[in-house]
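**Q** Here you go, run_31.txt (compact mmCIF, C-alpha atoms):
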# COMPACT_ATOMS: atom_id res chain seq x y z
CA MET A 356 -34.72 -89.05 -127.65
CA THR A 357 -34.58 -86.48 -130.44
CA HIS A 358 -35.34 -83.33 -128.42
CA ASP A 359 -37.47 -81.88 -131.21
CA PHE A 360 -38.54 -78.36 -130.29
CA SER A 361 -42.07 -79.06 -131.41
CA MET A 362 -42.48 -81.54 -128.54
CA SER A 363 -43.89 -80.67 -125.13
CA ARG A 364 -41.75 -80.15 -122.04
CA ARG A 365 -39.35 -83.00 -121.35
CA THR A 366 -37.80 -84.07 -118.11
CA ALA A 367 -34.26 -84.53 -119.40
CA ALA A 368 -31.51 -83.33 -117.07
CA THR A 369 -29.83 -80.69 -117.97
CA SER A 370 -13.61 -65.36 -123.46
CA LEU A 371 -13.93 -63.16 -124.11
CA LEU A 372 -10.93 -65.00 -125.50
CA VAL A 373 -12.13 -63.90 -128.84
CA GLY A 374 -13.08 -66.49 -131.37
CA SER A 375 -11.24 -67.73 -134.34
CA ALA A 376 -9.70 -64.41 -135.31
CA ALA A 377 -8.47 -63.08 -131.98
CA LEU A 378 -7.05 -59.74 -133.16
CA LEU A 379 -5.97 -56.11 -131.96
CA LEU A 380 -7.57 -52.98 -133.26
CA GLY A 381 -5.43 -51.59 -136.04
CA ALA A 382 -5.60 -48.46 -138.10
CA GLY A 383 -6.78 -48.41 -141.65
CA GLY A 384 -9.00 -51.49 -141.81
CA ARG A 385 -8.09 -53.73 -144.73
CA ALA A 386 -4.49 -54.90 -144.62
CA TYR A 387 -4.77 -57.95 -146.84
CA ALA A 388 -4.31 -58.41 -150.57
CA ASP A 389 -7.62 -58.41 -152.45
CA PRO A 390 -8.54 -62.09 -152.93
CA ARG A 391 -10.45 -61.25 -156.10
CA ALA A 392 -7.14 -60.34 -157.69
CA THR A 393 -5.61 -63.72 -156.80
CA ALA A 394 -8.55 -66.07 -157.18
CA ALA A 395 -6.92 -67.76 -160.17
CA ALA A 396 -4.08 -68.90 -157.91
CA ARG A 397 -6.39 -71.36 -156.17
CA ALA A 398 -5.11 -74.84 -156.95
CA PRO A 399 -7.40 -77.51 -158.41
CA GLY A 400 -6.30 -79.84 -155.61
CA ASP A 401 -7.25 -77.50 -152.76
CA VAL A 402 -9.03 -79.31 -149.92
CA VAL A 403 -12.80 -78.87 -149.85
CA LEU A 404 -14.10 -79.17 -146.31
CA THR A 405 -17.49 -80.58 -145.37
CA LEU A 406 -19.87 -80.09 -142.45
CA PRO A 407 -21.69 -82.86 -140.57
CA ALA A 408 -25.32 -83.30 -141.60
CA PRO A 409 -28.17 -82.17 -139.33
CA THR A 410 -29.78 -84.89 -137.26
CA GLY A 411 -33.38 -83.70 -137.05
CA ARG A 412 -36.41 -84.80 -139.07
CA HIS A 413 -36.86 -81.48 -140.90
CA ARG A 414 -35.09 -80.21 -143.99
CA VAL A 415 -33.53 -76.80 -143.37
CA GLY A 416 -34.00 -73.51 -145.17
CA CYS A 417 -31.88 -70.39 -144.80
CA GLN A 418 -31.73 -66.80 -145.94
CA PRO A 419 -29.39 -63.85 -145.32
CA VAL A 420 -31.00 -60.84 -143.64
CA TYR A 421 -29.63 -57.29 -143.80
CA LEU A 422 -30.55 -54.80 -141.06
CA VAL A 423 -29.70 -51.14 -140.50
CA ASP A 424 -29.85 -49.51 -137.07
CA GLY A 425 -30.19 -45.81 -137.79
CA SER A 426 -30.09 -44.87 -134.10
CA ARG A 427 -26.31 -45.26 -133.72
CA ARG A 428 -23.10 -44.83 -135.67
CA ASP A 429 -20.78 -47.70 -136.45
CA PRO A 430 -18.58 -48.32 -133.37
CA TRP A 431 -15.46 -49.14 -135.42
CA ASP A 432 -15.64 -46.61 -138.26
CA PRO A 433 -16.86 -43.08 -137.40
CA ALA A 434 -17.37 -42.38 -141.12
CA ILE A 435 -20.29 -44.83 -141.20
CA PRO A 436 -23.37 -42.99 -139.87
CA VAL A 437 -25.46 -46.10 -139.15
CA ARG A 438 -24.89 -49.57 -137.74
CA GLU A 439 -25.27 -52.36 -140.29
CA ILE A 440 -25.94 -55.93 -139.16
CA VAL A 441 -26.07 -59.05 -141.32
CA LEU A 442 -27.67 -62.31 -140.23
CA THR A 443 -28.54 -65.71 -141.56
CA VAL A 444 -31.84 -67.23 -140.50
CA PHE A 445 -32.09 -71.04 -140.42
CA TYR A 446 -35.54 -72.63 -140.21
CA PRO A 447 -37.43 -75.88 -140.76
CA ALA A 448 -38.33 -76.08 -144.44
CA ARG A 449 -41.44 -77.48 -146.07
CA ASP A 450 -39.97 -77.95 -149.54
CA VAL A 451 -36.43 -77.71 -150.94
CA THR A 452 -37.19 -79.09 -154.39
CA GLY A 453 -34.90 -77.68 -157.05
CA LEU A 454 -32.70 -75.81 -154.56
CA ALA A 455 -28.97 -76.32 -153.93
CA PRO A 456 -27.31 -76.24 -150.49
CA ALA A 457 -26.13 -72.76 -149.55
CA PRO A 458 -22.43 -72.08 -148.88
CA GLN A 459 -21.18 -72.08 -145.31
CA MET A 460 -20.01 -68.48 -145.88
CA PRO A 461 -20.90 -66.09 -148.70
CA PRO A 462 -18.30 -66.44 -151.48
CA GLN A 463 -16.43 -63.15 -151.08
CA ALA A 464 -16.51 -63.36 -147.28
CA ALA A 465 -15.15 -66.92 -147.43
CA THR A 466 -12.29 -65.89 -149.70
CA TRP A 467 -11.41 -62.97 -147.44
CA PHE A 468 -11.53 -65.30 -144.45
CA GLY A 469 -9.05 -67.59 -146.15
CA ARG A 470 -6.60 -64.72 -146.56
CA ILE A 471 -7.10 -63.26 -143.09
CA ALA A 472 -7.15 -66.39 -140.91
CA PRO A 473 -3.47 -67.35 -141.47
CA HIS A 474 -2.45 -64.02 -139.93
CA THR A 475 -4.49 -64.47 -136.75
CA PRO A 476 -3.50 -66.47 -133.66
CA LEU A 477 -5.23 -69.44 -135.30
CA GLN A 478 -2.50 -69.57 -137.93
CA LEU A 479 -4.65 -71.53 -140.34
CA PRO A 480 -2.94 -72.67 -143.54
CA ALA A 481 -2.27 -69.89 -146.05
CA ALA A 482 -2.83 -72.23 -149.00
CA GLY A 483 -4.33 -75.60 -149.80
CA VAL A 484 -7.93 -74.94 -148.66
CA ASN A 485 -10.86 -73.74 -150.74
CA TRP A 486 -12.84 -72.04 -147.98
CA ALA A 487 -15.47 -70.80 -150.41
CA ALA A 488 -16.35 -74.35 -151.50
CA THR A 489 -17.74 -75.59 -148.17
CA ARG A 490 -21.48 -76.12 -148.43
CA SER A 491 -24.04 -76.14 -145.66
CA HIS A 492 -27.01 -78.51 -145.44
CA ALA A 493 -29.49 -75.62 -145.66
CA PHE A 494 -31.30 -74.44 -148.78
CA GLU A 495 -31.54 -70.71 -149.41
CA GLY A 496 -35.05 -69.48 -150.09
CA ALA A 497 -36.81 -72.74 -149.16
CA SER A 498 -40.44 -72.41 -148.16
CA PRO A 499 -40.87 -72.48 -144.34
CA LEU A 500 -42.69 -75.29 -142.58
CA PRO A 501 -45.85 -73.93 -140.92
CA GLY A 502 -46.19 -73.92 -137.14
CA ARG A 503 -45.18 -71.89 -134.12
CA ARG A 504 -41.51 -72.34 -133.25
CA PRO A 505 -38.97 -71.25 -130.64
CA VAL A 506 -36.47 -68.58 -131.71
CA LEU A 507 -32.74 -68.69 -130.98
CA VAL A 508 -30.25 -65.85 -131.56
CA HIS A 509 -26.58 -66.75 -131.99
CA SER A 510 -23.50 -64.54 -131.65
CA PRO A 511 -20.16 -66.00 -132.84
CA GLY A 512 -16.73 -65.58 -131.27
CA GLY A 513 -14.83 -62.33 -131.56
CA GLY A 514 -13.45 -61.94 -135.05
CA ASP A 515 -15.43 -64.96 -136.27
CA PRO A 516 -17.81 -64.80 -139.21
CA ARG A 517 -21.26 -66.14 -138.43
CA GLY A 518 -20.62 -68.95 -140.92
CA LEU A 519 -18.44 -70.77 -138.38
CA GLY A 520 -21.60 -71.55 -136.40
CA THR A 521 -23.44 -73.08 -139.36
CA SER A 522 -23.40 -76.75 -138.33
CA LEU A 523 -24.97 -76.16 -134.92
CA ALA A 524 -27.50 -73.64 -136.21
CA GLU A 525 -28.81 -75.89 -138.95
CA ASP A 526 -28.94 -78.88 -136.61
CA LEU A 527 -31.11 -76.88 -134.21
CA ALA A 528 -33.32 -75.84 -137.13
CA SER A 529 -33.65 -79.45 -138.27
CA HIS A 530 -35.17 -80.19 -134.85
CA GLY A 531 -37.74 -77.41 -135.12
CA ALA A 532 -36.10 -74.16 -133.96
CA ILE A 533 -35.61 -70.93 -135.91
CA VAL A 534 -32.07 -69.64 -135.52
CA PHE A 535 -30.81 -66.15 -136.31
CA SER A 536 -27.00 -66.15 -136.55
CA VAL A 537 -25.53 -62.64 -136.33
CA ASP A 538 -22.46 -61.11 -137.96
CA HIS A 539 -20.91 -58.09 -136.22
CA PRO A 540 -19.27 -55.97 -138.99
CA GLY A 541 -15.87 -54.50 -138.24
CA ASP A 542 -15.41 -57.27 -135.68
CA ALA A 543 -16.04 -60.37 -137.83
CA ALA A 544 -13.18 -61.43 -140.11
CA ALA A 545 -15.24 -60.62 -143.19
CA VAL A 546 -18.87 -59.64 -143.72
CA GLU A 547 -20.48 -59.64 -147.16
CA PHE A 548 -23.29 -57.13 -147.75
CA PRO A 549 -26.00 -57.32 -150.43
CA ASP A 550 -24.81 -54.08 -152.06
CA ALA A 551 -22.60 -51.01 -151.67
CA ARG A 552 -23.76 -47.84 -149.92
CA PRO A 553 -22.65 -44.18 -150.14
CA TYR A 554 -20.77 -44.59 -146.86
CA ARG A 555 -19.39 -48.05 -147.78
CA ALA A 556 -18.05 -48.49 -151.29
CA ASP A 557 -17.25 -52.20 -150.97
CA THR A 558 -19.66 -55.09 -150.57
CA VAL A 559 -17.24 -56.82 -148.19
CA ARG A 560 -16.05 -55.37 -144.90
CA THR A 561 -13.08 -56.97 -143.16
CA THR A 562 -12.08 -56.91 -139.52
CA VAL A 563 -10.36 -53.93 -137.95
CA PHE A 564 -8.65 -56.15 -135.35
CA ARG A 565 -4.96 -56.98 -135.20
CA GLY A 566 -3.59 -59.23 -132.44
CA ASP A 567 -5.45 -60.19 -129.25
CA PRO A 568 -8.10 -57.75 -127.94
CA ARG A 569 -7.78 -59.15 -124.45
CA ASP A 570 -4.52 -57.18 -124.33
CA GLN A 571 -6.34 -53.99 -125.38
CA PRO A 572 -9.02 -53.17 -122.78
CA ALA A 573 -10.56 -50.31 -124.77
CA VAL A 574 -10.93 -52.58 -127.79
CA VAL A 575 -12.58 -55.29 -125.71
CA ARG A 576 -15.05 -52.82 -124.26
CA THR A 577 -15.99 -51.53 -127.70
CA MET A 578 -16.34 -55.07 -129.03
CA ILE A 579 -18.60 -56.31 -126.24
CA ASP A 580 -20.69 -53.14 -126.02
CA ALA A 581 -21.18 -53.14 -129.80
CA ARG A 582 -22.27 -56.77 -129.75
CA ILE A 583 -24.73 -56.16 -126.92
CA ALA A 584 -26.25 -53.26 -128.86
CA ASP A 585 -26.36 -55.34 -132.05
CA LEU A 586 -28.21 -58.14 -130.27
CA HIS A 587 -30.70 -55.77 -128.64
CA CYS A 588 -31.37 -54.35 -132.11
CA VAL A 589 -31.98 -57.83 -133.49
CA LEU A 590 -34.36 -58.71 -130.65
CA ASP A 591 -36.27 -55.47 -131.16
CA ARG A 592 -36.59 -56.09 -134.88
CA LEU A 593 -37.77 -59.65 -134.30
CA GLY A 594 -40.63 -58.11 -132.35
CA ARG A 595 -41.62 -56.46 -135.65
CA ALA A 596 -40.77 -59.48 -137.78
CA ALA A 597 -43.47 -58.72 -140.35
CA ASP A 598 -41.30 -55.78 -141.46
CA LEU A 599 -38.15 -57.91 -141.88
CA PRO A 600 -36.98 -59.28 -145.25
CA LEU A 601 -37.72 -62.89 -144.28
CA PRO A 602 -38.90 -65.78 -146.44
CA ARG A 603 -42.61 -65.64 -147.11
CA SER A 604 -44.71 -66.63 -144.04
CA LEU A 605 -41.65 -67.22 -141.81
CA ALA A 606 -42.54 -64.26 -139.57
CA GLU A 607 -45.80 -66.00 -138.69
CA THR A 608 -43.91 -68.98 -137.25
CA LEU A 609 -41.77 -67.04 -134.74
CA ASP A 610 -42.84 -67.74 -131.16
CA LEU A 611 -41.05 -64.99 -129.24
CA ARG A 612 -42.49 -66.28 -125.97
CA ARG A 613 -39.87 -69.03 -126.45
CA LEU A 614 -36.77 -66.92 -127.08
CA GLY A 615 -33.26 -68.16 -126.34
CA VAL A 616 -29.73 -66.91 -126.97
CA TYR A 617 -26.37 -68.63 -127.31
CA GLY A 618 -22.89 -67.50 -128.21
CA HIS A 619 -19.28 -68.56 -128.32
CA SER A 620 -16.42 -66.70 -126.63
CA ALA A 621 -17.09 -62.95 -127.05
CA GLY A 622 -20.51 -63.98 -128.31
CA GLY A 623 -21.08 -65.91 -125.09
CA SER A 624 -20.08 -62.84 -123.12
CA ALA A 625 -22.52 -60.64 -125.02
CA VAL A 626 -25.53 -62.97 -124.97
CA THR A 627 -25.21 -63.49 -121.22
CA GLU A 628 -25.34 -59.76 -120.56
CA VAL A 629 -28.21 -59.37 -123.02
CA MET A 630 -30.12 -62.09 -121.20
CA TYR A 631 -29.55 -60.30 -117.91
CA ARG A 632 -30.84 -56.98 -119.27
CA ASP A 633 -33.68 -58.23 -121.48
CA ARG A 634 -36.40 -60.30 -119.88
CA ARG A 635 -37.74 -61.36 -123.26
CA VAL A 636 -34.93 -63.94 -123.25
CA ARG A 637 -36.05 -67.09 -121.43
CA ALA A 638 -32.85 -69.16 -121.60
CA GLY A 639 -29.24 -68.77 -122.67
CA ILE A 640 -25.98 -70.63 -123.26
CA ASN A 641 -22.53 -69.10 -122.86
CA LEU A 642 -19.89 -71.16 -124.68
CA GLU A 643 -16.66 -70.13 -122.93
CA GLY A 644 -17.10 -66.36 -122.80
CA TYR A 645 -15.78 -64.16 -120.00
CA LEU A 646 -18.21 -62.09 -117.94
CA ASP A 647 -15.86 -59.20 -117.24
CA TYR A 648 -13.80 -56.59 -119.03
CA PRO A 649 -10.01 -57.06 -118.74
CA PRO A 650 -8.02 -54.79 -116.39
CA SER A 651 -7.49 -51.29 -117.75
CA ALA A 652 -3.86 -51.42 -116.62
CA PRO A 653 -1.40 -54.30 -116.04
CA GLY A 654 -1.85 -55.77 -112.60
CA GLY A 655 -5.24 -54.14 -112.14
CA ASP A 656 -8.57 -55.76 -111.43
CA ALA A 657 -10.98 -56.91 -114.11
CA GLU A 658 -14.29 -55.01 -114.29
CA PRO A 659 -17.20 -57.42 -113.83
CA PHE A 660 -20.25 -57.22 -116.08
CA PRO A 661 -23.49 -56.15 -114.35
CA VAL A 662 -24.76 -59.74 -114.57
CA THR A 663 -22.12 -60.83 -112.05
CA ALA A 664 -23.53 -58.40 -109.48
CA GLY A 665 -27.19 -59.13 -110.12
CA GLY A 666 -27.23 -62.81 -111.01
CA ILE A 667 -29.63 -64.57 -113.36
CA ASP A 668 -33.17 -65.73 -112.64
CA ARG A 669 -33.71 -67.77 -115.82
CA PRO A 670 -31.87 -70.88 -117.05
CA LEU A 671 -28.27 -70.22 -118.10
CA LEU A 672 -25.74 -72.87 -119.13
CA LEU A 673 -22.05 -71.98 -118.84
CA LEU A 674 -20.23 -74.52 -120.99
CA GLY A 675 -16.43 -74.55 -121.27
CA SER A 676 -13.63 -76.81 -122.49
CA GLU A 677 -11.15 -78.73 -120.38
CA GLY A 678 -8.18 -77.51 -122.40
CA PHE A 679 -8.87 -73.77 -122.22
CA ASN A 680 -5.61 -72.19 -121.05
CA ARG A 681 -7.28 -69.22 -119.32
CA ARG A 682 -9.72 -71.15 -117.19
CA GLU A 683 -8.74 -69.35 -113.99
CA GLU A 684 -9.74 -65.97 -115.45
CA LEU A 685 -12.93 -67.44 -116.86
CA ASP A 686 -13.90 -69.18 -113.62
CA ARG A 687 -13.58 -65.93 -111.68
CA SER A 688 -16.48 -64.29 -113.49
CA TRP A 689 -18.49 -67.49 -113.92
CA SER A 690 -18.30 -68.22 -110.21
CA ALA A 691 -19.54 -64.71 -109.40
CA VAL A 692 -22.72 -65.04 -111.45
CA ALA A 693 -23.34 -68.63 -110.33
CA ALA A 694 -23.10 -67.65 -106.66
CA LEU A 695 -25.94 -65.15 -107.05
CA SER A 696 -28.18 -67.22 -109.30
CA ASP A 697 -29.28 -70.10 -107.08
CA ARG A 698 -30.45 -73.04 -109.20
CA TRP A 699 -30.64 -71.12 -112.48
CA VAL A 700 -27.00 -71.43 -113.56
CA HIS A 701 -25.43 -74.74 -114.56
CA ARG A 702 -21.74 -75.20 -115.39
CA ALA A 703 -20.05 -77.97 -117.37
CA ARG A 704 -16.89 -78.65 -119.39
CA VAL A 705 -16.24 -80.65 -122.53
CA ALA A 706 -13.58 -83.32 -121.92
CA ASP A 707 -10.42 -83.40 -124.06
CA ALA A 708 -11.56 -80.27 -125.89
CA ASN A 709 -10.25 -76.76 -126.46
CA HIS A 710 -11.75 -73.34 -127.11
CA TRP A 711 -12.75 -73.71 -130.77
CA THR A 712 -14.52 -77.05 -130.34
CA PHE A 713 -17.72 -74.97 -130.10
CA THR A 714 -17.44 -73.93 -133.77
CA ASP A 715 -17.45 -75.65 -137.14
CA PHE A 716 -13.70 -76.07 -136.68
CA ALA A 717 -14.47 -79.12 -134.51
CA ALA A 718 -15.32 -81.02 -137.70
CA MET A 719 -13.10 -79.12 -140.15
CA LEU A 720 -9.66 -79.04 -138.52
CA PRO A 721 -9.19 -82.83 -138.29
CA ARG A 722 -9.62 -82.85 -142.07
CA LEU A 723 -6.86 -80.24 -142.40
CA GLN A 724 -4.63 -82.35 -140.19
CA ALA A 725 -5.35 -85.45 -142.29
CA ALA A 726 -4.45 -83.50 -145.43
CA GLY A 727 -1.09 -82.49 -143.94
CA LEU A 728 -2.06 -78.82 -143.71
CA MET A 729 -1.98 -78.72 -139.91
CA THR A 730 0.00 -80.59 -137.27
CA ALA A 731 -1.58 -82.57 -134.45
CA ALA A 732 -0.25 -80.02 -131.96
CA GLU A 733 -1.80 -77.13 -133.90
CA ARG A 734 -5.15 -78.92 -134.13
CA ASN A 735 -5.10 -79.84 -130.41
CA ALA A 736 -4.34 -76.25 -129.39
CA LEU A 737 -7.54 -75.15 -131.11
CA ILE A 738 -10.10 -77.93 -130.66
CA GLY A 739 -8.39 -80.45 -128.38
CA THR A 740 -7.80 -84.17 -128.89
CA VAL A 741 -11.45 -85.19 -128.83
CA ASN A 742 -12.64 -86.88 -132.02
CA PRO A 743 -15.34 -84.92 -133.91
CA THR A 744 -17.45 -88.08 -134.03
CA VAL A 745 -17.73 -87.58 -130.27
CA SER A 746 -17.55 -83.80 -129.78
CA VAL A 747 -19.97 -82.73 -132.50
CA PRO A 748 -22.93 -84.96 -131.56
CA ASN A 749 -22.36 -84.42 -127.84
CA LEU A 750 -22.35 -80.63 -128.18
CA ARG A 751 -25.40 -80.67 -130.43
CA HIS A 752 -27.23 -82.94 -128.00
CA THR A 753 -26.33 -80.83 -124.95
CA ILE A 754 -27.47 -77.56 -126.52
CA ARG A 755 -30.57 -79.02 -128.11
CA ARG A 756 -31.59 -80.72 -124.85
CA PHE A 757 -31.11 -77.52 -122.86
CA PHE A 758 -33.26 -75.40 -125.15
CA ALA A 759 -35.87 -78.14 -125.69
CA ARG A 760 -36.30 -78.33 -121.93
CA HIS A 761 -36.41 -74.60 -121.18
CA LEU A 762 -38.20 -73.37 -124.31
CA ALA A 763 -40.80 -76.13 -124.39
CA GLY A 764 -44.24 -75.30 -125.72
CA ARG A 765 -46.81 -74.03 -123.29
What is this structure when it is put down as structure tokens?

**A**
Amino acid sequence: MTHDFSMSRRTAATSLLVGSAALLLGAGGRAYADPRATAAARAPGDVVLTLPAPTGRHRVGCQPVYLVDGSRRDPWDPAIPVREIVLTVFYPARDVTGLAPAPQMPPQAATWFGRIAPHTPLQLPAAGVNWAATRSHAFEGASPLPGRRPVLVHSPGGGDPRGLGTSLAEDLASHGAIVFSVDHPGDAAAVEFPDARPYRADTVRTTVFRGDPRDQPAVVRTMIDARIADLHCVLDRLGRAADLPLPRSLAETLDLRRLGVYGHSAGGSAVTEVMYRDRRVRAGINLEGYLDYPPSAPGGDAEPFPVTAGGIDRPLLLLGSEGFNRREELDRSWSAVAALSDRWVHRARVADANHWTFTDFAAMLPRLQAAGLMTAAERNALIGTVNPTVSVPNLRHTIRRFFARHLAGR
């Protein structure tokens, strides 16, 4: 069973621990040496990582999309008078002739990520990896395949660039969905913009976080509230898709009656609350994201999100990992929403896995371990002991099956 989104309804069964750059708010923004000044230091033998190929019958197109929300200021930098949002849209392609696969992350953002990630709790290797060389299996600017298709909106983990969700997004697109993967500037490790602006001299904006936001309640609140607002903006703009800078004729294929959301960690937190507030969303998946704000003082009580008091009346999958070391905190908020949601909420855990198994790291980190750039213990602390030949197809299948069932054509 392929769970292609173009098929009719099937009968298949069904953290705010911030993502790969779990960091504390710090003053001054950029605290890393400019990678453009050290690019020549990259060794010819640096490891080039690869992503698993999509499994669907369609080729995949992609394109970056730049949005500006003029109704609010940037939540992290008061000098920026608007909120900028950058996305990548993945979609079934009709023709990719003459096109090359797009990078997993834009080149400057990838190089910044390589310099930032070693200084985060991930402690990725500081040398030996060419992060900018990883290619996706999607072709930028490819002509879209005609048809009416379900729309999915993805929010990555806190501090993560949207590129770390590439493998799942393009797999979903290969099965017939259109996926908008969202970067949250100031939060994401590095975001590359199409050009400079009067209020932003650089074309790359790096994260303002330092340390673990879960230890900084005010930072967590800003992060989640900003993400919720970003996602509402994206959903609103999708409703006026003809005005978006999308590939030619792609806007005509968006079926917003079949709208779903999914997110990892802080992204899972945000998409769940967005689903609760916005009835345009028909189904959602939370990949190990808390549903409460941390206590404002040591020993205090966490502040639950509104969704935990109201429950959900549309399909929601809460999917965690067996190895997550803060499961008790997570279960507290998950249990609250499940208790009020009757049959709508389903919970499951991935065996032998850890928190970052829901990202491209599931396939990439074993390669770093094999190259001697990461120990087994370091790899297991991030993605668990599960082999990517098991975890990657199982996660793809679970998510694809869920959305194929609940966003089936009418």

**Q** Taking 6 positions as the minimum chain separation for residues in the same chain, which residues sit within 8 Å of stretch 639-653 of chain A when counting only C-alpha atoms? Answer as a ChimeraX atom specification.

**A** /A:370-372,569-570,572-573,575-576,615-624,626-628,630,659-660,662-663,670-676,684-685,688-689,710,713,754

**Q** Please write the residues from the selection above to a file, keeping C-alpha atoms, as a PDB file, in the frame of the given file.

**A**
ATOM      1  CA  SER A 370     -13.610 -65.360-123.460  1.00  0.00           C
ATOM      2  CA  LEU A 371     -13.930 -63.160-124.110  1.00  0.00           C
ATOM      3  CA  LEU A 372     -10.930 -65.000-125.500  1.00  0.00           C
ATOM      4  CA  ARG A 569      -7.780 -59.150-124.450  1.00  0.00           C
ATOM      5  CA  ASP A 570      -4.520 -57.180-124.330  1.00  0.00           C
ATOM      6  CA  PRO A 572      -9.020 -53.170-122.780  1.00  0.00           C
ATOM      7  CA  ALA A 573     -10.560 -50.310-124.770  1.00  0.00           C
ATOM      8  CA  VAL A 575     -12.580 -55.290-125.710  1.00  0.00           C
ATOM      9  CA  ARG A 576     -15.050 -52.820-124.260  1.00  0.00           C
ATOM     10  CA  GLY A 615     -33.260 -68.160-126.340  1.00  0.00           C
ATOM     11  CA  VAL A 616     -29.730 -66.910-126.970  1.00  0.00           C
ATOM     12  CA  TYR A 617     -26.370 -68.630-127.310  1.00  0.00           C
ATOM     13  CA  GLY A 618     -22.890 -67.500-128.210  1.00  0.00           C
ATOM     14  CA  HIS A 619     -19.280 -68.560-128.320  1.00  0.00           C
ATOM     15  CA  SER A 620     -16.420 -66.700-126.630  1.00  0.00           C
ATOM     16  CA  ALA A 621     -17.090 -62.950-127.050  1.00  0.00           C
ATOM     17  CA  GLY A 622     -20.510 -63.980-128.310  1.00  0.00           C
ATOM     18  CA  GLY A 623     -21.080 -65.910-125.090  1.00  0.00           C
ATOM     19  CA  SER A 624     -20.080 -62.840-123.120  1.00  0.00           C
ATOM     20  CA  VAL A 626     -25.530 -62.970-124.970  1.00  0.00           C
ATOM     21  CA  THR A 627     -25.210 -63.490-121.220  1.00  0.00           C
ATOM     22  CA  GLU A 628     -25.340 -59.760-120.560  1.00  0.00           C
ATOM     23  CA  MET A 630     -30.120 -62.090-121.200  1.00  0.00           C
ATOM     24  CA  PRO A 659     -17.200 -57.420-113.830  1.00  0.00           C
ATOM     25  CA  PHE A 660     -20.250 -57.220-116.080  1.00  0.00           C
ATOM     26  CA  VAL A 662     -24.760 -59.740-114.570  1.00  0.00           C
ATOM     27  CA  THR A 663     -22.120 -60.830-112.050  1.00  0.00           C
ATOM     28  CA  PRO A 670     -31.870 -70.880-117.050  1.00  0.00           C
ATOM     29  CA  LEU A 671     -28.270 -70.220-118.100  1.00  0.00           C
ATOM     30  CA  LEU A 672     -25.740 -72.870-119.130  1.00  0.00           C
ATOM     31  CA  LEU A 673     -22.050 -71.980-118.840  1.00  0.00           C
ATOM     32  CA  LEU A 674     -20.230 -74.520-120.990  1.00  0.00           C
ATOM     33  CA  GLY A 675     -16.430 -74.550-121.270  1.00  0.00           C
ATOM     34  CA  SER A 676     -13.630 -76.810-122.490  1.00  0.00           C
ATOM     35  CA  GLU A 684      -9.740 -65.970-115.450  1.00  0.00           C
ATOM     36  CA  LEU A 685     -12.930 -67.440-116.860  1.00  0.00           C
ATOM     37  CA  SER A 688     -16.480 -64.290-113.490  1.00  0.00           C
ATOM     38  CA  TRP A 689     -18.490 -67.490-113.920  1.00  0.00           C
ATOM     39  CA  HIS A 710     -11.750 -73.340-127.110  1.00  0.00           C
ATOM     40  CA  PHE A 713     -17.720 -74.970-130.100  1.00  0.00           C
ATOM     41  CA  ILE A 754     -27.470 -77.560-126.520  1.00  0.00           C
TER      42      ILE A 754
END

**Q** One decimal, Å: what's the distance from atom CA of A:Arg582 over to atom CA of A:Arg634, could you say?

**A**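 Computing it gives 17.6 Å between the two atoms.
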
**Q** Taking 6 positions as the minimum chain separation for residues in the same chain, which residues sit within 9 Å of A:Gly665 when counting only C-alpha atoms? Answer as a list in words.

**A**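 The neighbour list is Tyr631, Val692, Leu695 and Ser696 of chain A.
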
**Q** For a test of reading the model, state the distance in Å between atom CA of A:Ala532 and atom CA of A:Pro447, rounded to one decimal.

**A**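 Atom CA of A:Pro447 lies at a distance of 7.1 Å from atom CA of A:Ala532.
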
**Q** Taking only C-alpha atoms into account, name the residue in A:Asp401, A:Asp526, A:Asp557, A:Asp429 that is nearest to A:Val484.

**A**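 Under the stated criterion, the closest residue is A:Asp401.
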
**Q** Between atom CA of A:Leu609 and atom CA of A:Arg503, what is the distance in Å, rounded to a tenth?

**A**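 Between atom CA of A:Leu609 and atom CA of A:Arg503 the gap is 6.0 Å.
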
**Q** Pick out the closest residue to A:Pro461 from this set: A:His413, A:His530, A:Arg517, A:Arg702. Count all atoms listed in the file.

**A**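 When distances to A:Pro461 are compared using all atoms listed in the file, the smallest one comes from A:Arg517.
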
**Q** When distances are computed from only C-alpha atoms, which of A:Pro436, A:Pro549, A:Pro505, A:Pro516 shows the smallest separation from A:Arg612?

**A**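 Counting only C-alpha atoms, the residue closest to A:Arg612 is A:Pro505.
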
**Q** Between A:Val444, A:Thr405, A:Gly666, A:Pro661, which has the minimum distance to A:Leu599 (counting all atoms listed in the file)?

**A** A:Val444
